[in-house]
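In what follows, a single structure is set out as structure tokens and then discussed.
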2 protein chains.
Amino acid sequence: MEKYVKILKDNNMKITSHRINVLRYLDKHCTHPTADQIYTDLKTNNPSLSKTTVYNALDALESHGIIQAITISGSELHYDITHEMHHHFYCKKCGKIIDIEFCCPNINKMSEYGHEVEEVHGYIKGICKKCIKKGS
Amino acid sequence: MEKYVKILKDNNMKITSHRINVLRYLDKHCTHPTADQIYTDLKTNNPSLSKTTVYNALDALESHGIIQAITISGSELHYDITHEMHHHFYCKKCGKIIDIEFCCPNINKMSEYGHEVEEVHGYIKGICKKCIKKGS
DNA sequence: TTACAAAATTGTAATCATTATAATTTAACA
DNA sequence: TGTTAAATTATAATGATTACAATTTTGTAA
């Protein structure tokens with residue numbers, strides 16, 4: 001059984017080709033794409049695909065915790081497969097989102113507050129290495 | 001000289017009553033309001049206020065680093081006066097944003113990556129204490 | 001298999017936050 | 001006090017996302 005079918009099955013989700021394609025896309029592309037980028041790319045091989053379907057698939061996958069929405073840009077959502085905790089750097093110049101592989105030890109303090117934690121996002125914003133070089 | 005006038009002056013910004021009002025509003029309200037909430041509240045004492053002016057004032061204040069846009073909700077921007085680093089908890093049920101007073105020691109590692117860091121946002125999402133109580 | 005019910009997909013229209021525009025007014029400074 | 005650049009205003013436009021209703025498909029049980 002394909003990896004993605006198993007993930008959907010394990011989450012009691014109906015197996016549809018669109019969901020598999022969206023999931024595979026996010027697994028293969030570590031670019032943190034937007035719904036529109038996913039839609040545009042998948043549509044080339046599947047012209048009948050509707051953008052609403054991409055939104056629905058993303059919502060379904062997100063509500064099961066399989067993927068996460070990244071709100072770093074402030075203007076549109078980017079998506080990422082959920083895996084070990086990591087953070088994101090957002091370049092204000094080129095808009096690229098770069099993975100940052102560390103996590104905060106103080107997150108454990110959250111239990112003191114009494115809130116139920118479901119997601120932790122670390123967003124760092126600035127100018128990326130490449131844009132610094134270009135700019136100078 | 002009023003506190004807010006001084007802040008604007010120190011940043012070489014033109015002094016306007018709208019900017020002062022927006023800045024005072026953010027200083028007095030620790031609720032992380034949206035542009036619309038600020039607009040609605042300020043409009044009661046100043047009926048000629050335009051929503052575009054609120055957006056402009058927020059943009060100007062943000063570009064000078066006086067305030068920060070919080071992208072935690074994913075659907076609209078919330079604003080906060082810039083002060084010591086702290087993080088934010090977002091309740092998925094009631095939508096409230098709560099200040100979390102700790103910060104991550106690993107942020108210093110960012111220099112290793114070669115990117116220029118301008119902002120650090122820690123967003124924690126889940127269900128807040130109050131909503132947990134209500135729900136049970 | 002075949003049929004059924006629930007859920008997914010589709011295309012279109014609507015929504016809502018934000019931005020663009022152009023005319024008017026105001027702040028800062030000579 | 002007059003001038004100039006910038007801020008304000010109202011309105012229109014944009015763009016991401018959601019709502020909706022008709023159609024199709026999935027999962028399951030006869």
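Order determines the names: the first chain of the structure tokens is A, the second B, and so forth; residues in each chain are numbered 1 upward, and ligands are numbered 1 upward as they are shown.
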### Task
Taking the DSSP assignment computed from this structure's backbone, write out as an MDAnalysis selection string all residues of region 21-136 of chain A that belong to helix (DSSP H, G or I).
chainID A and resid 21:28 35:45 51:63 105:113 129:135
Please build the interface table for chain A against chain C with a cut-off of 10 Å, listing for each qualifying residue the nearest atom pair and the distance in Å to one decimal; count only C-alpha atoms (C1' of nucleotides), order rows by chain and increasing number, and write it as a tab-separated table.
residue	atom	partner	partner_atom	distance
A:Met13	CA	C:DA7	C1'	9.9
A:Lys14	CA	C:DA7	C1'	8.1
A:Ile15	CA	C:DA8	C1'	9.7
A:Thr16	CA	C:DA8	C1'	8.0
A:His18	CA	C:DT9	C1'	9.3
A:Arg19	CA	C:DA8	C1'	10.0
A:Ser48	CA	C:DT10	C1'	8.5
A:Leu49	CA	C:DT10	C1'	8.1
A:Ser50	CA	C:DT10	C1'	6.2
A:Lys51	CA	C:DT10	C1'	9.0
A:Thr52	CA	C:DT10	C1'	7.9
A:Thr53	CA	C:DT9	C1'	6.3
A:Val54	CA	C:DT9	C1'	10.0
A:Asn56	CA	C:DA8	C1'	8.8
A:Ala57	CA	C:DA8	C1'	9.2
A:Ser75	CA	C:DT18	C1'	8.8
Go ahead and dump the residues you just picked, N, CA, C and O atoms, as a tab-separated table (two decimals), in the first residue's frame.
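Result written to again09.tsv:
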chain	number	residue	atom	x	y	z
A	13	MET	N	-9.61	8.69	7.00
A	13	MET	CA	-10.05	9.62	5.97
A	13	MET	C	-10.36	8.84	4.70
A	13	MET	O	-9.70	7.82	4.41
A	14	LYS	N	-11.32	9.31	3.94
A	14	LYS	CA	-11.59	8.66	2.65
A	14	LYS	C	-10.38	8.83	1.74
A	14	LYS	O	-9.74	9.88	1.74
A	15	ILE	N	-10.11	7.77	0.99
A	15	ILE	CA	-8.97	7.80	0.08
A	15	ILE	C	-9.41	8.40	-1.25
A	15	ILE	O	-10.25	7.84	-1.94
A	16	THR	N	-8.86	9.53	-1.59
A	16	THR	CA	-9.15	10.10	-2.91
A	16	THR	C	-7.83	10.47	-3.57
A	16	THR	O	-6.85	10.80	-2.90
A	18	HIS	N	-7.07	13.07	-5.17
A	18	HIS	CA	-6.65	14.45	-4.93
A	18	HIS	C	-5.91	14.58	-3.60
A	18	HIS	O	-4.89	15.25	-3.50
A	19	ARG	N	-6.45	13.94	-2.59
A	19	ARG	CA	-5.78	14.02	-1.29
A	19	ARG	C	-4.40	13.40	-1.36
A	19	ARG	O	-3.43	13.92	-0.79
A	48	SER	N	-8.82	18.69	-14.59
A	48	SER	CA	-10.16	18.87	-14.03
A	48	SER	C	-10.11	19.30	-12.57
A	48	SER	O	-11.15	19.54	-11.95
A	49	LEU	N	-8.92	19.36	-12.01
A	49	LEU	CA	-8.79	19.72	-10.59
A	49	LEU	C	-9.35	21.10	-10.31
A	49	LEU	O	-9.11	22.05	-11.05
A	50	SER	N	-10.11	21.19	-9.23
A	50	SER	CA	-10.68	22.48	-8.83
A	50	SER	C	-9.89	23.05	-7.65
A	50	SER	O	-9.39	22.32	-6.80
A	51	LYS	N	-9.77	24.35	-7.63
A	51	LYS	CA	-9.00	24.96	-6.54
A	51	LYS	C	-9.67	24.69	-5.20
A	51	LYS	O	-9.00	24.49	-4.18
A	52	THR	N	-10.99	24.70	-5.19
A	52	THR	CA	-11.71	24.40	-3.95
A	52	THR	C	-11.30	23.04	-3.40
A	52	THR	O	-11.20	22.85	-2.19
A	53	THR	N	-11.06	22.09	-4.30
A	53	THR	CA	-10.65	20.75	-3.85
A	53	THR	C	-9.31	20.81	-3.13
A	53	THR	O	-9.11	20.13	-2.12
A	54	VAL	N	-8.40	21.63	-3.64
A	54	VAL	CA	-7.11	21.77	-2.97
A	54	VAL	C	-7.32	22.36	-1.58
A	54	VAL	O	-6.77	21.86	-0.60
A	56	ASN	N	-10.01	22.16	0.21
A	56	ASN	CA	-10.66	21.15	1.04
A	56	ASN	C	-9.68	20.08	1.49
A	56	ASN	O	-9.69	19.68	2.67
A	57	ALA	N	-8.84	19.64	0.57
A	57	ALA	CA	-7.87	18.60	0.92
A	57	ALA	C	-6.91	19.12	1.99
A	57	ALA	O	-6.62	18.43	2.97
A	75	SER	N	0.02	37.15	4.62
A	75	SER	CA	-0.92	37.43	3.53
A	75	SER	C	-1.53	36.17	2.93
A	75	SER	O	-2.62	36.20	2.38
At most 12 Å is the cut-off: for each residue in chain A with any atom that close to an atom of chain B, write down the nearest atom pair and the distance in Å rounded to one decimal, counting only C-alpha atoms, chain first then increasing number, as a Markdown table.
| residue | atom | partner | partner_atom | distance |
| --- | --- | --- | --- | --- |
| A:Ser63 | CA | B:Lys92 | CA | 11.9 |
| A:Gln68 | CA | B:Lys125 | CA | 11.6 |
| A:Ala69 | CA | B:Gly74 | CA | 8.4 |
| A:Ile70 | CA | B:Gly74 | CA | 8.0 |
| A:Thr71 | CA | B:Gly74 | CA | 5.1 |
| A:Ile72 | CA | B:Thr71 | CA | 6.2 |
| A:Ser73 | CA | B:Thr71 | CA | 7.4 |
| A:Gly74 | CA | B:Thr71 | CA | 5.1 |
| A:Ser75 | CA | B:Gly74 | CA | 8.0 |
| A:Glu76 | CA | B:Gly74 | CA | 7.5 |
| A:Leu77 | CA | B:Gly74 | CA | 6.8 |
| A:His78 | CA | B:Gly74 | CA | 9.9 |
| A:Tyr79 | CA | B:Gly74 | CA | 11.9 |
| A:His86 | CA | B:Asn106 | CA | 11.8 |
| A:His87 | CA | B:Gly122 | CA | 9.4 |
| A:His88 | CA | B:His121 | CA | 10.0 |
| A:Phe89 | CA | B:His115 | CA | 8.6 |
| A:Tyr90 | CA | B:Val117 | CA | 9.5 |
| A:Cys91 | CA | B:His115 | CA | 8.6 |
| A:Lys92 | CA | B:Glu118 | CA | 9.5 |
| A:Lys93 | CA | B:Glu116 | CA | 11.3 |
| A:Lys96 | CA | B:His115 | CA | 12.0 |
| A:Ile97 | CA | B:His115 | CA | 11.8 |
| A:Ile98 | CA | B:His115 | CA | 10.1 |
| A:Asp99 | CA | B:Tyr113 | CA | 10.5 |
| A:Ile100 | CA | B:Met110 | CA | 8.4 |
| A:Glu101 | CA | B:Met110 | CA | 9.9 |
| A:Phe102 | CA | B:Asn106 | CA | 7.3 |
| A:Cys103 | CA | B:Asn106 | CA | 7.2 |
| A:Cys104 | CA | B:Cys104 | CA | 5.2 |
| A:Pro105 | CA | B:Cys104 | CA | 7.1 |
| A:Asn106 | CA | B:Cys104 | CA | 6.4 |
| A:Ile107 | CA | B:Cys104 | CA | 8.4 |
| A:Asn108 | CA | B:Phe102 | CA | 10.9 |
| A:Lys109 | CA | B:Phe102 | CA | 8.5 |
| A:Met110 | CA | B:Ile100 | CA | 8.4 |
| A:Ser111 | CA | B:Lys129 | CA | 10.6 |
| A:Glu112 | CA | B:Ile100 | CA | 10.7 |
| A:Tyr113 | CA | B:Lys129 | CA | 7.8 |
| A:Gly114 | CA | B:Lys129 | CA | 5.4 |
| A:His115 | CA | B:Cys128 | CA | 4.5 |
| A:Glu116 | CA | B:Ile127 | CA | 5.0 |
| A:Val117 | CA | B:Gly126 | CA | 4.6 |
| A:Glu118 | CA | B:Gly126 | CA | 4.6 |
| A:Glu119 | CA | B:Lys125 | CA | 5.0 |
| A:Val120 | CA | B:Ile124 | CA | 4.5 |
| A:His121 | CA | B:Tyr123 | CA | 4.9 |
| A:Gly122 | CA | B:Gly122 | CA | 4.7 |
| A:Tyr123 | CA | B:His121 | CA | 5.0 |
| A:Ile124 | CA | B:Val120 | CA | 4.5 |
| A:Lys125 | CA | B:Glu119 | CA | 5.0 |
| A:Gly126 | CA | B:Val117 | CA | 4.6 |
| A:Ile127 | CA | B:Glu116 | CA | 5.0 |
| A:Cys128 | CA | B:His115 | CA | 4.4 |
| A:Lys129 | CA | B:His115 | CA | 4.6 |
| A:Lys130 | CA | B:His115 | CA | 8.3 |
| A:Cys131 | CA | B:His115 | CA | 8.8 |
| A:Ile132 | CA | B:His115 | CA | 7.7 |
| A:Lys133 | CA | B:His115 | CA | 10.2 |
Write a file of the selected residues as a PDB file, in the first residue's frame, keeping C-alpha atoms.
ATOM      1  CA  SER A  63      -7.485  19.030  10.823  1.00  0.00           C
ATOM      2  CA  GLN A  68       0.417  22.308   9.206  1.00  0.00           C
ATOM      3  CA  ALA A  69      -0.488  25.757   7.991  1.00  0.00           C
ATOM      4  CA  ILE A  70       2.311  28.286   8.296  1.00  0.00           C
ATOM      5  CA  THR A  71       1.048  31.820   8.915  1.00  0.00           C
ATOM      6  CA  ILE A  72       4.429  33.495   8.705  1.00  0.00           C
ATOM      7  CA  SER A  73       3.866  35.700   5.666  1.00  0.00           C
ATOM      8  CA  GLY A  74       0.704  37.310   6.947  1.00  0.00           C
ATOM      9  CA  SER A  75      -0.920  37.425   3.534  1.00  0.00           C
ATOM     10  CA  GLU A  76      -1.429  33.795   2.564  1.00  0.00           C
ATOM     11  CA  LEU A  77      -1.049  30.390   4.138  1.00  0.00           C
ATOM     12  CA  HIS A  78       1.871  28.124   3.348  1.00  0.00           C
ATOM     13  CA  TYR A  79       1.810  24.403   4.072  1.00  0.00           C
ATOM     14  CA  HIS A  86      11.447  22.922  13.605  1.00  0.00           C
ATOM     15  CA  HIS A  87      11.061  26.596  12.929  1.00  0.00           C
ATOM     16  CA  HIS A  88      10.861  28.841   9.907  1.00  0.00           C
ATOM     17  CA  PHE A  89      12.753  31.819   8.600  1.00  0.00           C
ATOM     18  CA  TYR A  90      10.913  34.206   6.297  1.00  0.00           C
ATOM     19  CA  CYS A  91      12.859  36.482   3.993  1.00  0.00           C
ATOM     20  CA  LYS A  92      11.108  39.820   3.719  1.00  0.00           C
ATOM     21  CA  LYS A  93      12.824  40.466   0.409  1.00  0.00           C
ATOM     22  CA  LYS A  96      11.235  32.416   0.669  1.00  0.00           C
ATOM     23  CA  ILE A  97      10.595  30.295   3.759  1.00  0.00           C
ATOM     24  CA  ILE A  98      13.591  28.382   5.062  1.00  0.00           C
ATOM     25  CA  ASP A  99      13.566  25.577   7.637  1.00  0.00           C
ATOM     26  CA  ILE A 100      15.438  26.277  10.858  1.00  0.00           C
ATOM     27  CA  GLU A 101      16.424  23.134  12.680  1.00  0.00           C
ATOM     28  CA  PHE A 102      16.320  23.902  16.338  1.00  0.00           C
ATOM     29  CA  CYS A 103      13.623  24.117  18.919  1.00  0.00           C
ATOM     30  CA  CYS A 104      12.980  25.967  22.107  1.00  0.00           C
ATOM     31  CA  PRO A 105      13.504  24.155  25.428  1.00  0.00           C
ATOM     32  CA  ASN A 106      11.169  26.567  27.204  1.00  0.00           C
ATOM     33  CA  ILE A 107       8.138  25.211  25.403  1.00  0.00           C
ATOM     34  CA  ASN A 108       7.784  22.770  28.281  1.00  0.00           C
ATOM     35  CA  LYS A 109       7.011  25.717  30.527  1.00  0.00           C
ATOM     36  CA  MET A 110       3.719  26.037  28.687  1.00  0.00           C
ATOM     37  CA  SER A 111       2.142  23.483  31.025  1.00  0.00           C
ATOM     38  CA  GLU A 112       2.391  26.058  33.827  1.00  0.00           C
ATOM     39  CA  TYR A 113      -0.049  28.311  32.021  1.00  0.00           C
ATOM     40  CA  GLY A 114      -2.873  25.798  31.976  1.00  0.00           C
ATOM     41  CA  HIS A 115      -3.558  26.079  28.263  1.00  0.00           C
ATOM     42  CA  GLU A 116      -3.730  23.012  26.074  1.00  0.00           C
ATOM     43  CA  VAL A 117      -0.941  23.212  23.501  1.00  0.00           C
ATOM     44  CA  GLU A 118      -1.578  21.758  20.049  1.00  0.00           C
ATOM     45  CA  GLU A 119       0.917  23.532  17.826  1.00  0.00           C
ATOM     46  CA  VAL A 120       4.151  25.423  18.268  1.00  0.00           C
ATOM     47  CA  HIS A 121       5.414  27.763  15.571  1.00  0.00           C
ATOM     48  CA  GLY A 122       8.694  29.636  15.632  1.00  0.00           C
ATOM     49  CA  TYR A 123       8.842  32.336  12.992  1.00  0.00           C
ATOM     50  CA  ILE A 124      11.955  34.371  12.385  1.00  0.00           C
ATOM     51  CA  LYS A 125      11.825  37.204   9.890  1.00  0.00           C
ATOM     52  CA  GLY A 126      14.541  39.186   8.210  1.00  0.00           C
ATOM     53  CA  ILE A 127      16.740  39.086   5.125  1.00  0.00           C
ATOM     54  CA  CYS A 128      18.094  35.750   3.963  1.00  0.00           C
ATOM     55  CA  LYS A 129      21.726  34.988   3.235  1.00  0.00           C
ATOM     56  CA  LYS A 130      21.235  35.082  -0.548  1.00  0.00           C
ATOM     57  CA  CYS A 131      19.439  38.424  -0.535  1.00  0.00           C
ATOM     58  CA  ILE A 132      22.132  39.943   1.682  1.00  0.00           C
ATOM     59  CA  LYS A 133      24.746  38.951  -0.911  1.00  0.00           C
TER      60      LYS A 133
END
### Query
Taking only C-alpha atoms into account, which of B:Lys43, B:Asp10, B:Gly135, B:Ala35 comes nearest Tyr55 (chain B)?
B:Ala35
### Query
If we count only C-alpha atoms (C1' of nucleotides), which residues of chain D reach to within 12 Å of chain B? Please list them as a list in words.
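Close enough to count are DA5, DA6, DA7, DT8, DT9, DA10, DT11, DA16, DT17 and DT18 of chain D.
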Write out chain A, as a short mmCIF file (atom, residue, chain, number, x, y, z; two decimals) with C-alpha atoms, in the first residue's frame, after superposing it onto chain B by least squares using every C-alpha atom paired in order.
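This went into out30.cif:
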data_model
loop_
_atom_site.label_atom_id
_atom_site.label_comp_id
_atom_site.auth_asym_id
_atom_site.auth_seq_id
_atom_site.Cartn_x
_atom_site.Cartn_y
_atom_site.Cartn_z
CA MET A 1 5.83 66.44 25.44
CA GLU A 2 3.48 63.53 25.37
CA LYS A 3 5.05 60.09 25.34
CA TYR A 4 3.64 59.20 21.94
CA VAL A 5 4.69 62.45 20.31
CA LYS A 6 8.20 61.75 21.48
CA ILE A 7 8.15 58.26 19.99
CA LEU A 8 7.03 59.60 16.62
CA LYS A 9 9.54 62.44 16.76
CA ASP A 10 12.39 60.11 17.69
CA ASN A 11 11.56 58.11 14.59
CA ASN A 12 11.44 61.12 12.28
CA MET A 13 7.78 60.58 11.62
CA LYS A 14 5.29 63.37 11.06
CA ILE A 15 3.16 63.99 14.12
CA THR A 16 -0.50 63.44 13.39
CA SER A 17 -3.38 62.93 15.78
CA HIS A 18 -4.33 59.68 14.10
CA ARG A 19 -0.92 58.17 14.59
CA ILE A 20 -0.90 59.28 18.21
CA ASN A 21 -4.34 57.77 18.74
CA VAL A 22 -3.42 54.45 17.16
CA LEU A 23 -0.21 54.31 19.18
CA ARG A 24 -1.96 55.21 22.42
CA TYR A 25 -4.64 52.65 21.70
CA LEU A 26 -2.08 49.88 21.28
CA ASP A 27 -0.24 51.03 24.39
CA LYS A 28 -3.39 51.02 26.53
CA HIS A 29 -4.99 47.86 25.15
CA CYS A 30 -3.03 44.67 25.56
CA THR A 31 -5.64 42.76 23.56
CA HIS A 32 -3.66 42.51 20.32
CA PRO A 33 -6.41 44.19 18.28
CA THR A 34 -6.91 44.02 14.54
CA ALA A 35 -6.96 47.08 12.31
CA ASP A 36 -10.73 46.85 12.24
CA GLN A 37 -11.05 46.76 16.03
CA ILE A 38 -8.81 49.80 16.35
CA TYR A 39 -10.75 51.59 13.63
CA THR A 40 -14.13 50.86 15.19
CA ASP A 41 -13.05 51.98 18.65
CA LEU A 42 -11.27 55.15 17.56
CA LYS A 43 -14.08 56.12 15.24
CA THR A 44 -16.52 56.63 18.12
CA ASN A 45 -14.54 59.66 19.28
CA ASN A 46 -13.46 60.69 15.82
CA PRO A 47 -16.19 60.02 13.27
CA SER A 48 -14.21 61.36 10.31
CA LEU A 49 -11.55 58.68 10.74
CA SER A 50 -11.01 56.55 7.66
CA LYS A 51 -10.10 52.90 7.84
CA THR A 52 -7.35 53.45 5.30
CA THR A 53 -5.78 55.89 7.75
CA VAL A 54 -5.65 53.20 10.40
CA TYR A 55 -3.96 50.85 7.94
CA ASN A 56 -1.53 53.58 6.93
CA ALA A 57 -0.74 54.48 10.52
CA LEU A 58 -0.18 50.83 11.41
CA ASP A 59 2.08 50.33 8.40
CA ALA A 60 4.10 53.43 9.24
CA LEU A 61 4.47 52.45 12.89
CA GLU A 62 5.40 48.92 11.94
CA SER A 63 8.00 49.92 9.39
CA HIS A 64 9.73 51.92 12.11
CA GLY A 65 9.68 48.95 14.45
CA ILE A 66 7.45 50.71 16.96
CA ILE A 67 4.74 48.09 16.68
CA GLN A 68 4.64 44.54 15.36
CA ALA A 69 2.14 42.65 13.27
CA ILE A 70 1.16 39.29 14.71
CA THR A 71 0.30 36.73 12.02
CA ILE A 72 -0.82 34.02 14.40
CA SER A 73 -4.46 33.73 13.38
CA GLY A 74 -3.79 33.27 9.70
CA SER A 75 -6.82 35.27 8.63
CA GLU A 76 -6.12 38.81 9.81
CA LEU A 77 -3.27 40.74 11.35
CA HIS A 78 -3.21 41.63 15.03
CA TYR A 79 -0.97 44.36 16.42
CA ASP A 80 1.20 44.74 19.46
CA ILE A 81 3.51 47.42 20.79
CA THR A 82 7.10 46.23 20.44
CA HIS A 83 8.67 45.59 23.84
CA GLU A 84 10.75 42.87 25.50
CA MET A 85 10.63 39.63 23.60
CA HIS A 86 7.65 37.50 24.46
CA HIS A 87 5.50 34.99 22.68
CA HIS A 88 1.83 34.51 21.97
CA PHE A 89 -0.74 31.83 22.61
CA TYR A 90 -3.71 31.64 20.26
CA CYS A 91 -6.88 29.91 21.37
CA LYS A 92 -8.44 28.09 18.45
CA LYS A 93 -11.81 28.19 20.16
CA CYS A 94 -12.30 31.78 21.32
CA GLY A 95 -9.65 33.42 19.13
CA LYS A 96 -8.05 35.24 22.03
CA ILE A 97 -4.32 35.96 21.93
CA ILE A 98 -2.52 35.68 25.25
CA ASP A 99 0.99 36.90 26.05
CA ILE A 100 3.49 34.21 27.03
CA GLU A 101 6.40 35.57 28.98
CA PHE A 102 9.39 33.50 28.09
CA CYS A 103 11.80 33.43 25.23
CA CYS A 104 13.93 30.92 23.47
CA PRO A 105 17.67 30.79 24.25
CA ASN A 106 18.40 29.13 20.92
CA ILE A 107 17.54 32.26 18.99
CA ASN A 108 21.20 33.20 19.30
CA LYS A 109 22.03 30.24 17.09
CA MET A 110 20.44 32.15 14.23
CA SER A 111 23.74 33.93 13.57
CA GLU A 112 25.16 30.60 12.36
CA TYR A 113 22.72 30.58 9.46
CA GLY A 114 23.93 33.83 7.97
CA HIS A 115 20.50 35.42 7.72
CA GLU A 116 19.84 38.86 9.12
CA VAL A 117 17.25 38.55 11.89
CA GLU A 118 14.79 41.41 12.37
CA GLU A 119 11.87 39.82 14.17
CA VAL A 120 11.26 36.72 16.24
CA HIS A 121 7.75 35.40 16.76
CA GLY A 122 6.80 32.46 18.93
CA TYR A 123 3.26 31.30 18.29
CA ILE A 124 1.65 28.57 20.33
CA LYS A 125 -1.80 27.37 19.37
CA GLY A 126 -4.33 25.29 21.21
CA ILE A 127 -7.21 25.69 23.64
CA CYS A 128 -6.93 28.27 26.39
CA LYS A 129 -7.50 27.61 30.08
CA LYS A 130 -10.93 29.30 30.09
CA CYS A 131 -12.22 27.37 27.09
CA ILE A 132 -11.03 24.09 28.59
CA LYS A 133 -13.12 24.82 31.70
CA LYS A 134 -16.17 25.84 29.68
CA GLY A 135 -15.88 22.79 27.49
CA SER A 136 -15.84 20.19 30.22
#
